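Structure file query.csv (CSV, C-alpha atoms and all ligand atoms) is printed below.
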chain,number,residue,atom,x,y,z
A,1,MET,CA,0.0,0.0,0.0
A,2,THR,CA,1.4,3.4,-0.9
A,3,LYS,CA,1.4,6.4,1.3
A,4,THR,CA,-1.1,8.2,-0.8
A,5,GLU,CA,-3.8,5.5,-0.4
A,6,PRO,CA,-6.7,6.1,1.9
A,7,LYS,CA,-6.3,4.7,5.4
A,8,THR,CA,-9.8,3.8,6.4
A,9,PRO,CA,-12.7,2.1,4.8
A,10,ARG,CA,-14.7,5.3,4.8
A,11,ALA,CA,-11.9,7.3,3.2
A,12,TRP,CA,-11.5,4.6,0.5
A,13,ALA,CA,-15.2,4.8,-0.3
A,14,ASN,CA,-15.2,8.6,-0.4
A,15,MET,CA,-12.2,8.6,-2.7
A,16,LEU,CA,-13.7,6.1,-5.2
A,17,VAL,CA,-17.0,8.0,-5.2
A,18,SER,CA,-15.3,11.3,-6.0
A,19,ALA,CA,-13.2,9.6,-8.7
A,20,TRP,CA,-16.2,7.9,-10.4
A,21,GLY,CA,-18.7,10.8,-9.9
A,22,PRO,CA,-22.2,10.7,-8.6
A,23,ARG,CA,-23.7,8.0,-10.8
A,24,PHE,CA,-26.2,5.7,-9.0
A,25,PRO,CA,-26.5,2.9,-8.5
A,26,VAL,CA,-22.7,2.6,-8.2
A,27,ASP,CA,-21.4,-0.1,-10.5
A,28,VAL,CA,-19.2,-2.1,-8.1
A,29,ARG,CA,-18.1,-4.6,-10.8
A,30,GLN,CA,-16.8,-1.9,-13.1
A,31,ILE,CA,-15.0,-0.1,-10.3
A,32,ALA,CA,-13.4,-3.2,-8.9
A,33,TYR,CA,-12.1,-4.3,-12.3
A,34,GLU,CA,-10.9,-0.9,-13.4
A,35,TYR,CA,-9.4,0.4,-10.2
A,36,SER,CA,-7.6,-2.8,-9.1
A,37,LYS,CA,-5.7,-2.8,-12.4
A,38,ARG,CA,-3.2,-0.5,-10.8
A,39,PHE,CA,-2.2,-3.2,-8.3
A,40,ASN,CA,-0.1,-6.2,-9.3
A,41,ASP,CA,-2.7,-8.5,-7.8
A,42,PRO,CA,-5.9,-7.2,-9.4
A,43,VAL,CA,-9.5,-8.4,-9.2
A,44,LEU,CA,-9.6,-10.8,-12.2
A,45,LYS,CA,-13.0,-12.4,-11.7
A,46,ILE,CA,-16.4,-11.5,-10.2
A,47,VAL,CA,-18.5,-14.6,-10.5
A,48,GLU,CA,-21.4,-16.5,-9.1
A,49,ALA,CA,-20.7,-19.4,-6.8
A,50,ASP,CA,-23.7,-21.5,-5.9
A,51,VAL,CA,-22.8,-22.6,-2.4
A,52,SER,CA,-24.8,-22.5,0.8
A,53,THR,CA,-21.9,-21.6,3.1
A,54,PHE,CA,-21.5,-17.9,2.3
A,55,GLU,CA,-23.1,-14.9,0.6
A,56,GLY,CA,-19.8,-13.5,-0.7
A,57,ALA,CA,-16.2,-14.4,-0.7
A,58,LEU,CA,-12.8,-13.0,-1.7
A,59,TYR,CA,-10.3,-15.7,-2.9
A,60,PRO,CA,-6.7,-15.4,-4.0
A,61,LEU,CA,-6.1,-16.8,-7.5
A,62,ARG,CA,-2.6,-18.1,-6.7
A,63,LYS,CA,-1.7,-19.2,-10.3
A,64,LYS,CA,-2.7,-16.0,-11.9
A,65,GLY,CA,-1.6,-13.7,-9.1
A,66,GLY,CA,-4.9,-11.9,-8.6
A,67,TRP,CA,-8.2,-12.2,-6.8
A,68,ALA,CA,-11.7,-13.4,-7.4
A,69,ILE,CA,-14.9,-12.0,-5.8
A,70,LEU,CA,-17.6,-14.6,-5.5
A,71,TYR,CA,-21.2,-14.1,-4.7
A,72,ASN,CA,-24.1,-16.5,-4.0
A,73,PRO,CA,-26.7,-16.2,-6.7
A,74,SER,CA,-29.4,-17.5,-4.4
A,75,ILE,CA,-29.4,-14.2,-2.6
A,76,SER,CA,-32.9,-13.1,-3.4
A,77,SER,CA,-32.6,-9.4,-4.2
A,78,PRO,CA,-30.2,-7.7,-6.7
A,79,GLY,CA,-29.7,-5.0,-4.0
A,80,ARG,CA,-28.3,-7.6,-1.6
A,81,ILE,CA,-25.9,-8.8,-4.3
A,82,ASN,CA,-24.7,-5.3,-5.0
A,83,TYR,CA,-24.1,-4.7,-1.3
A,84,THR,CA,-22.3,-8.1,-1.0
A,85,LEU,CA,-20.0,-7.2,-4.0
A,86,GLY,CA,-19.2,-3.8,-2.3
A,87,HIS,CA,-18.4,-5.7,0.9
A,88,GLU,CA,-15.9,-8.1,-0.8
A,89,TRP,CA,-14.4,-5.2,-2.7
A,90,GLY,CA,-13.9,-3.5,0.6
A,91,HIS,CA,-12.1,-6.6,2.0
A,92,TYR,CA,-9.9,-6.5,-1.1
A,93,LEU,CA,-8.9,-2.8,-0.7
A,94,CYS,CA,-8.5,-2.8,3.1
A,95,HIS,CA,-7.7,-6.3,4.2
A,96,ARG,CA,-6.1,-8.5,1.5
A,97,THR,CA,-2.6,-7.9,2.7
A,98,ALA,CA,-3.5,-8.9,6.3
A,99,ALA,CA,-5.5,-11.9,5.1
A,100,PRO,CA,-3.8,-13.5,2.2
A,101,GLY,CA,-6.2,-16.5,2.4
A,102,GLY,CA,-9.1,-14.3,1.6
A,103,PHE,CA,-12.6,-14.1,3.2
A,104,GLU,CA,-15.8,-16.1,3.2
A,105,CYS,CA,-18.7,-14.0,4.5
A,106,GLY,CA,-22.1,-15.2,5.6
A,107,ALA,CA,-25.3,-13.1,5.7
A,108,THR,CA,-24.6,-11.7,9.2
A,109,ASP,CA,-21.1,-10.7,8.2
A,110,VAL,CA,-22.2,-8.8,5.1
A,111,LEU,CA,-24.9,-6.8,7.0
A,112,GLY,CA,-24.8,-6.4,10.7
A,113,GLY,CA,-21.4,-8.0,11.3
A,114,THR,CA,-19.7,-7.5,14.6
A,115,LEU,CA,-16.2,-8.7,13.8
A,116,ASP,CA,-13.8,-5.8,13.2
A,117,LEU,CA,-12.9,-6.7,9.6
A,118,GLU,CA,-16.5,-7.5,8.7
A,119,ARG,CA,-17.7,-4.2,10.2
A,120,GLU,CA,-15.1,-2.3,8.2
A,121,ALA,CA,-16.1,-4.1,4.9
A,122,ASP,CA,-19.8,-3.3,5.8
A,123,LEU,CA,-18.9,0.4,6.4
A,124,PHE,CA,-17.0,0.6,3.1
A,125,SER,CA,-19.9,-0.9,1.2
A,126,SER,CA,-22.4,1.5,2.8
A,127,TYR,CA,-20.3,4.6,2.0
A,128,LEU,CA,-19.4,3.4,-1.5
A,129,LEU,CA,-23.0,2.7,-2.5
A,130,MET,CA,-24.7,5.4,-0.4
A,131,PRO,CA,-22.5,8.4,-0.1
A,132,LEU,CA,-23.6,10.4,3.0
A,133,ASP,CA,-24.2,13.7,1.3
A,134,ASP,CA,-26.3,12.3,-1.5
A,135,PHE,CA,-28.2,10.1,1.0
A,136,ARG,CA,-29.0,13.1,3.1
A,137,ALA,CA,-30.0,15.1,0.0
A,138,GLN,CA,-32.6,12.4,-0.9
A,139,VAL,CA,-34.1,12.2,2.5
A,140,GLY,CA,-33.8,15.8,3.9
A,141,ASN,CA,-36.2,16.3,6.7
A,142,GLN,CA,-38.9,14.1,5.3
A,143,ARG,CA,-40.8,11.7,7.5
A,144,MET,CA,-39.2,8.2,6.9
A,145,THR,CA,-41.7,5.8,5.4
A,146,LEU,CA,-41.5,2.6,3.4
A,147,ASP,CA,-41.9,4.6,0.2
A,148,LEU,CA,-39.0,6.9,1.0
A,149,LEU,CA,-36.9,3.9,1.9
A,150,ARG,CA,-37.8,2.2,-1.4
A,151,HIS,CA,-36.8,5.3,-3.2
A,152,CYS,CA,-33.4,5.2,-1.6
A,153,ALA,CA,-33.1,1.4,-2.1
A,154,ASP,CA,-33.8,1.8,-5.8
A,155,ARG,CA,-31.5,4.8,-6.2
A,156,TYR,CA,-28.5,3.0,-4.7
A,157,GLY,CA,-29.3,-0.6,-5.7
A,158,VAL,CA,-29.4,-1.8,-2.1
A,159,SER,CA,-31.9,-3.6,0.1
A,160,LEU,CA,-34.5,-1.8,2.2
A,161,THR,CA,-32.5,-3.0,5.3
A,162,ALA,CA,-29.3,-1.5,4.1
A,163,ALA,CA,-31.1,1.8,3.3
A,164,ALA,CA,-32.7,1.8,6.7
A,165,LEU,CA,-29.4,1.2,8.5
A,166,LYS,CA,-27.9,4.0,6.5
A,167,TRP,CA,-30.7,6.4,7.5
A,168,THR,CA,-30.3,5.3,11.1
A,169,GLU,CA,-26.7,6.0,11.0
A,170,SER,CA,-27.0,9.4,9.3
A,171,THR,CA,-30.2,10.9,10.8
A,172,SER,CA,-30.4,13.5,13.5
A,173,ARG,CA,-33.6,11.8,14.7
A,174,CYS,CA,-34.0,9.3,17.4
A,175,ALA,CA,-34.3,5.9,15.6
A,176,ALA,CA,-33.2,2.3,15.6
A,177,VAL,CA,-33.2,-0.8,13.4
A,178,VAL,CA,-34.1,-4.0,15.3
A,179,VAL,CA,-33.4,-7.4,13.7
A,180,ALA,CA,-35.0,-10.5,15.2
A,181,THR,CA,-35.3,-14.2,14.5
A,182,ASN,CA,-38.2,-16.4,15.7
A,183,GLY,CA,-39.4,-13.6,17.9
A,184,TYR,CA,-36.2,-12.7,19.7
A,185,VAL,CA,-33.9,-9.8,19.0
A,186,ASN,CA,-30.6,-10.7,17.3
A,187,TRP,CA,-29.0,-7.3,17.0
A,188,PHE,CA,-29.9,-3.7,16.7
A,189,ARG,CA,-28.4,-0.5,15.5
A,190,ARG,CA,-29.4,3.0,16.8
A,191,SER,CA,-28.9,6.6,15.7
A,192,ALA,CA,-26.6,8.9,17.7
A,193,ALA,CA,-29.7,10.6,19.2
A,194,ALA,CA,-31.1,7.2,20.3
A,195,GLU,CA,-27.8,6.3,21.9
A,196,ARG,CA,-27.9,9.6,23.7
A,197,ALA,CA,-31.4,8.9,24.9
A,198,GLY,CA,-30.3,5.5,26.2
A,199,LEU,CA,-32.5,3.4,23.9
A,200,PHE,CA,-31.4,-0.2,24.0
A,201,PHE,CA,-32.8,-3.5,22.6
A,202,PRO,CA,-30.7,-6.2,24.0
A,203,PRO,CA,-30.0,-9.4,22.0
A,204,GLY,CA,-32.2,-12.2,23.3
A,205,MET,CA,-35.0,-9.7,24.2
A,206,GLU,CA,-38.4,-11.1,23.2
A,207,LEU,CA,-40.2,-8.9,20.6
A,208,PRO,CA,-42.9,-6.9,22.3
A,209,ALA,CA,-46.2,-8.7,21.8
A,210,ALA,CA,-47.9,-5.5,20.4
A,211,SER,CA,-45.1,-4.6,18.1
A,212,ALA,CA,-45.6,-4.7,14.3
A,213,ALA,CA,-42.8,-7.3,14.0
A,214,ALA,CA,-44.6,-9.6,16.4
A,215,MET,CA,-48.0,-9.0,15.0
A,216,GLY,CA,-46.9,-10.1,11.5
A,217,ASP,CA,-48.3,-8.7,8.3
A,218,VAL,CA,-51.6,-7.5,9.9
A,219,LEU,CA,-49.9,-4.2,10.7
A,220,ILE,CA,-47.8,-3.6,7.6
A,221,ALA,CA,-48.3,0.0,6.6
A,222,ALA,CA,-46.1,2.2,4.4
A,223,ASP,CA,-46.2,4.9,7.0
A,224,GLY,CA,-45.5,2.6,9.8
A,225,VAL,CA,-47.7,2.0,12.9
A,226,ASP,CA,-47.9,4.4,15.8
A,227,LEU,CA,-47.5,2.5,19.0
A,228,PRO,CA,-48.1,3.7,22.6
A,229,PRO,CA,-45.5,3.9,25.3
A,230,GLY,CA,-44.7,0.5,26.7
A,231,VAL,CA,-44.4,-1.4,23.5
A,232,TRP,CA,-40.9,-0.2,22.6
A,233,ALA,CA,-38.8,1.3,25.3
A,234,ASN,CA,-41.5,3.0,27.2
A,235,ARG,CA,-41.8,5.7,24.6
A,236,PRO,CA,-44.3,6.3,21.9
A,237,ALA,CA,-42.8,4.8,18.7
A,238,ARG,CA,-43.6,4.6,15.1
A,239,GLU,CA,-42.6,1.2,13.8
A,240,VAL,CA,-42.0,0.6,10.1
A,241,ALA,CA,-41.9,-3.2,9.6
A,242,LEU,CA,-39.5,-4.4,6.9
A,243,PHE,CA,-40.0,-8.2,6.8
A,244,ALA,CA,-37.3,-10.4,5.4
A,245,ASP,CA,-38.5,-13.5,3.5
A,246,LYS,CA,-36.6,-16.3,5.2
A,247,TYR,CA,-35.1,-17.6,8.4
A,248,GLU,CA,-38.3,-16.3,10.2
A,249,MET,CA,-36.5,-13.0,10.4
A,250,THR,CA,-38.1,-9.7,11.1
A,251,ILE,CA,-36.6,-6.3,10.7
A,252,SER,CA,-38.2,-3.1,12.2
A,253,LEU,CA,-37.3,0.5,11.8
A,254,LEU,CA,-38.3,2.4,15.0
A,255,VAL,CA,-38.7,6.1,15.1
A,256,PHE,CA,-39.2,7.9,18.4
A,257,GLU,CA,-40.5,11.2,17.3
A,258,ASP,CA,-41.2,12.6,20.8
A,259,LEU,CA,-37.6,12.4,21.7
A,260,GLY,CA,-36.7,15.1,19.1
A,261,PHE,CA,-33.4,15.2,17.3
A,262,MET,CA,-29.9,16.4,17.7
A,263,PRO,CA,-27.9,18.8,15.5
A,264,LEU,CA,-26.2,17.1,12.6
A,265,ASP,CA,-22.8,18.5,13.4
A,266,TRP,CA,-22.9,16.6,16.7
A,267,ILE,CA,-23.5,13.4,14.8
A,268,GLU,CA,-20.5,13.6,12.5
A,269,GLU,CA,-18.2,13.1,15.5
A,270,GLU,CA,-20.2,10.3,16.8
A,271,VAL,CA,-20.9,8.3,13.7
A,272,GLU,CA,-17.7,6.3,13.8
A,273,ASP,CA,-18.2,5.5,17.5
A,274,THR,CA,-21.8,4.5,17.1
A,275,PHE,CA,-20.8,2.0,14.6
A,276,ASP,CA,-18.7,0.1,17.1
A,277,ARG,CA,-21.2,0.2,19.9
A,278,PHE,CA,-24.1,-2.0,18.9
A,279,VAL,CA,-24.2,-5.3,20.7
A,280,ARG,CA,-24.9,-8.7,19.3
A,301,ZN,ZN,-16.8,-10.1,5.0
Take the structure I supplied and represent it as structure tokens, if you would.
Amino acid sequence: MTKTEPKTPRAWANMLVSAWGPRFPVDVRQIAYEYSKRFNDPVLKIVEADVSTFEGALYPLRKKGGWAILYNPSISSPGRINYTLGHEWGHYLCHRTAAPGGFECGATDVLGGTLDLEREADLFSSYLLMPLDDFRAQVGNQRMTLDLLRHCADRYGVSLTAAALKWTESTSRCAAVVVATNGYVNWFRRSAAAERAGLFFPPGMELPAASAAAMGDVLIAADGVDLPPGVWANRPAREVALFADKYEMTISLLVFEDLGFMPLDWIEEEVEDTFDRFVR
């Protein structure tokens, strides 16, 4: 790595976005092929690999002296494939020297991963596909709804969940994304304002019985469902349910409008920290 190369996943993503210009969705394949030509171990292949053990992988091609990015074609949405490609391309840029054997990344590594290197690749993919300035320009001060999330997911070629996590990370509002399996919380991520308010949804917590996630599709509404205090965190909450289609998984976006919001310039300093503080 030369001295002029970016030092962090976010800096790498920002550099590539400014080099390629604001064209969305970002074409990860093209960038990976083109940009890696400057290295003596470029990305030579980006191909499907129909295996059940991972969503994406980065493998060294020892004979040819380059790398292959593999992705699982059974991933249901094109947005998730794009995010996975971004994740593996992040491993290539940031981690291949430290991990010459490459990476195999499962669904929880690609989105919601807790291991440091997985978290960094996730961060890279998020900033490459959804640059913060552009994301904020799309959303502005609008009320976050399923339609607005869909607009973002379409623009950036990512899943609704990836767009919801990006919003949670970048918003000045008090909000969280809660991911559960079979009725119990797996992990969550919260905005800086939610962290400041002490909102917490511990892994292993049972989904509140009156929550939209627990009630199933009865309560699906584009604008979300307004829930009284006592359902989520003893505060009135608006829950936008984003249901995944397998593994009995539910994903909810929670917005706590009564808790107000914090100035954006406070958040900038906390964004990197907040990334590291959600608990599995
Ligand atoms: Zn990974």
Wanna dump the chain A-ligand ZN 301 (chain A) contacts at 7 Å for me, each residue with its shortest atom pair and the distance in Å to one decimal, counting only C-alpha atoms and all ligand atoms, ordered by chain and number, as CSV?
residue,atom,partner,partner_atom,distance
A:His87,CA,A:ZN301,ZN,6.2
A:Glu88,CA,A:ZN301,ZN,6.2
A:His91,CA,A:ZN301,ZN,6.6
A:Phe103,CA,A:ZN301,ZN,6.1
A:Glu104,CA,A:ZN301,ZN,6.3
A:Cys105,CA,A:ZN301,ZN,4.4
A:Asp109,CA,A:ZN301,ZN,5.4
A:Val110,CA,A:ZN301,ZN,5.6
A:Leu117,CA,A:ZN301,ZN,6.9
A:Glu118,CA,A:ZN301,ZN,4.5
A:Ala121,CA,A:ZN301,ZN,6.0
Who sits within 12 Å of Leu16 of chain A, only C-alpha atoms, same chain under 5 positions skipped, as a list in words: Glu5, Pro6, Pro9, Arg10, Ala11, Gly21, Pro22, Arg23, Val26, Asp27, Val28, Gln30, Ile31, Ala32, Glu34, Tyr35, Ser36, Gly86, Trp89, Gly90, Leu93, Phe124, Ser125, Tyr127, Leu128, Leu129 and Pro131 of chain A
Atom CA of Met130 of chain A to atom CA of Val17 of chain A, straight-line distance in Å: 9.4 Å
Nearby residues (all atoms listed in the file) at most 6 Å from segment 40-54 of chain A, same-chain spacing under 5 positions excluded, as a count of residues only: 12
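Residue nearest Thr181 of chain A, chosen from A:Cys94, A:Ala162, A:Ala194, A:Ile251 and counting only C-alpha atoms: A:Ile251.
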Selection near segment 149-156 of chain A, 12 Å with only C-alpha atoms, sequence-local residues under 4 positions removed, as JSON, numbers by chain: {"A": [22, 23, 24, 25, 26, 27, 28, 77, 78, 79, 80, 82, 83, 86, 125, 126, 127, 128, 129, 130, 131, 132, 134, 135, 136, 137, 138, 139, 140, 142, 143, 144, 145, 160, 161, 162, 163, 164, 165, 166, 167, 168, 222, 223, 224, 240, 241, 242, 253]}
Store the residues picked out above in a file with C-alpha atoms, as a PDB file, in the frame of the given file.
ATOM      1  CA  PRO A  22     -22.200  10.700  -8.600  1.00  0.00           C
ATOM      2  CA  ARG A  23     -23.700   8.000 -10.800  1.00  0.00           C
ATOM      3  CA  PHE A  24     -26.200   5.700  -9.000  1.00  0.00           C
ATOM      4  CA  PRO A  25     -26.500   2.900  -8.500  1.00  0.00           C
ATOM      5  CA  VAL A  26     -22.700   2.600  -8.200  1.00  0.00           C
ATOM      6  CA  ASP A  27     -21.400  -0.100 -10.500  1.00  0.00           C
ATOM      7  CA  VAL A  28     -19.200  -2.100  -8.100  1.00  0.00           C
ATOM      8  CA  SER A  77     -32.600  -9.400  -4.200  1.00  0.00           C
ATOM      9  CA  PRO A  78     -30.200  -7.700  -6.700  1.00  0.00           C
ATOM     10  CA  GLY A  79     -29.700  -5.000  -4.000  1.00  0.00           C
ATOM     11  CA  ARG A  80     -28.300  -7.600  -1.600  1.00  0.00           C
ATOM     12  CA  ASN A  82     -24.700  -5.300  -5.000  1.00  0.00           C
ATOM     13  CA  TYR A  83     -24.100  -4.700  -1.300  1.00  0.00           C
ATOM     14  CA  GLY A  86     -19.200  -3.800  -2.300  1.00  0.00           C
ATOM     15  CA  SER A 125     -19.900  -0.900   1.200  1.00  0.00           C
ATOM     16  CA  SER A 126     -22.400   1.500   2.800  1.00  0.00           C
ATOM     17  CA  TYR A 127     -20.300   4.600   2.000  1.00  0.00           C
ATOM     18  CA  LEU A 128     -19.400   3.400  -1.500  1.00  0.00           C
ATOM     19  CA  LEU A 129     -23.000   2.700  -2.500  1.00  0.00           C
ATOM     20  CA  MET A 130     -24.700   5.400  -0.400  1.00  0.00           C
ATOM     21  CA  PRO A 131     -22.500   8.400  -0.100  1.00  0.00           C
ATOM     22  CA  LEU A 132     -23.600  10.400   3.000  1.00  0.00           C
ATOM     23  CA  ASP A 134     -26.300  12.300  -1.500  1.00  0.00           C
ATOM     24  CA  PHE A 135     -28.200  10.100   1.000  1.00  0.00           C
ATOM     25  CA  ARG A 136     -29.000  13.100   3.100  1.00  0.00           C
ATOM     26  CA  ALA A 137     -30.000  15.100   0.000  1.00  0.00           C
ATOM     27  CA  GLN A 138     -32.600  12.400  -0.900  1.00  0.00           C
ATOM     28  CA  VAL A 139     -34.100  12.200   2.500  1.00  0.00           C
ATOM     29  CA  GLY A 140     -33.800  15.800   3.900  1.00  0.00           C
ATOM     30  CA  GLN A 142     -38.900  14.100   5.300  1.00  0.00           C
ATOM     31  CA  ARG A 143     -40.800  11.700   7.500  1.00  0.00           C
ATOM     32  CA  MET A 144     -39.200   8.200   6.900  1.00  0.00           C
ATOM     33  CA  THR A 145     -41.700   5.800   5.400  1.00  0.00           C
ATOM     34  CA  LEU A 160     -34.500  -1.800   2.200  1.00  0.00           C
ATOM     35  CA  THR A 161     -32.500  -3.000   5.300  1.00  0.00           C
ATOM     36  CA  ALA A 162     -29.300  -1.500   4.100  1.00  0.00           C
ATOM     37  CA  ALA A 163     -31.100   1.800   3.300  1.00  0.00           C
ATOM     38  CA  ALA A 164     -32.700   1.800   6.700  1.00  0.00           C
ATOM     39  CA  LEU A 165     -29.400   1.200   8.500  1.00  0.00           C
ATOM     40  CA  LYS A 166     -27.900   4.000   6.500  1.00  0.00           C
ATOM     41  CA  TRP A 167     -30.700   6.400   7.500  1.00  0.00           C
ATOM     42  CA  THR A 168     -30.300   5.300  11.100  1.00  0.00           C
ATOM     43  CA  ALA A 222     -46.100   2.200   4.400  1.00  0.00           C
ATOM     44  CA  ASP A 223     -46.200   4.900   7.000  1.00  0.00           C
ATOM     45  CA  GLY A 224     -45.500   2.600   9.800  1.00  0.00           C
ATOM     46  CA  VAL A 240     -42.000   0.600  10.100  1.00  0.00           C
ATOM     47  CA  ALA A 241     -41.900  -3.200   9.600  1.00  0.00           C
ATOM     48  CA  LEU A 242     -39.500  -4.400   6.900  1.00  0.00           C
ATOM     49  CA  LEU A 253     -37.300   0.500  11.800  1.00  0.00           C
TER      50      LEU A 253
END
Separation of atom CA of Ala210 of chain A from atom CA of Ser172 of chain A, in Å and rounded to one decimal: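 Interatomic distance here is 26.7 Å.
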Pick from A:Ala221, A:Leu259, A:Leu146, A:Ala99 nearest to Leu58 of chain A, counting only C-alpha atoms: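 The answer is A:Ala99, which sits nearest to Leu58 of chain A.
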Atom-to-atom span, atom CA of Glu239 of chain A and atom CA of Ala212 of chain A, Å: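 Between atom CA of Glu239 of chain A and atom CA of Ala212 of chain A the gap is 6.6 Å.
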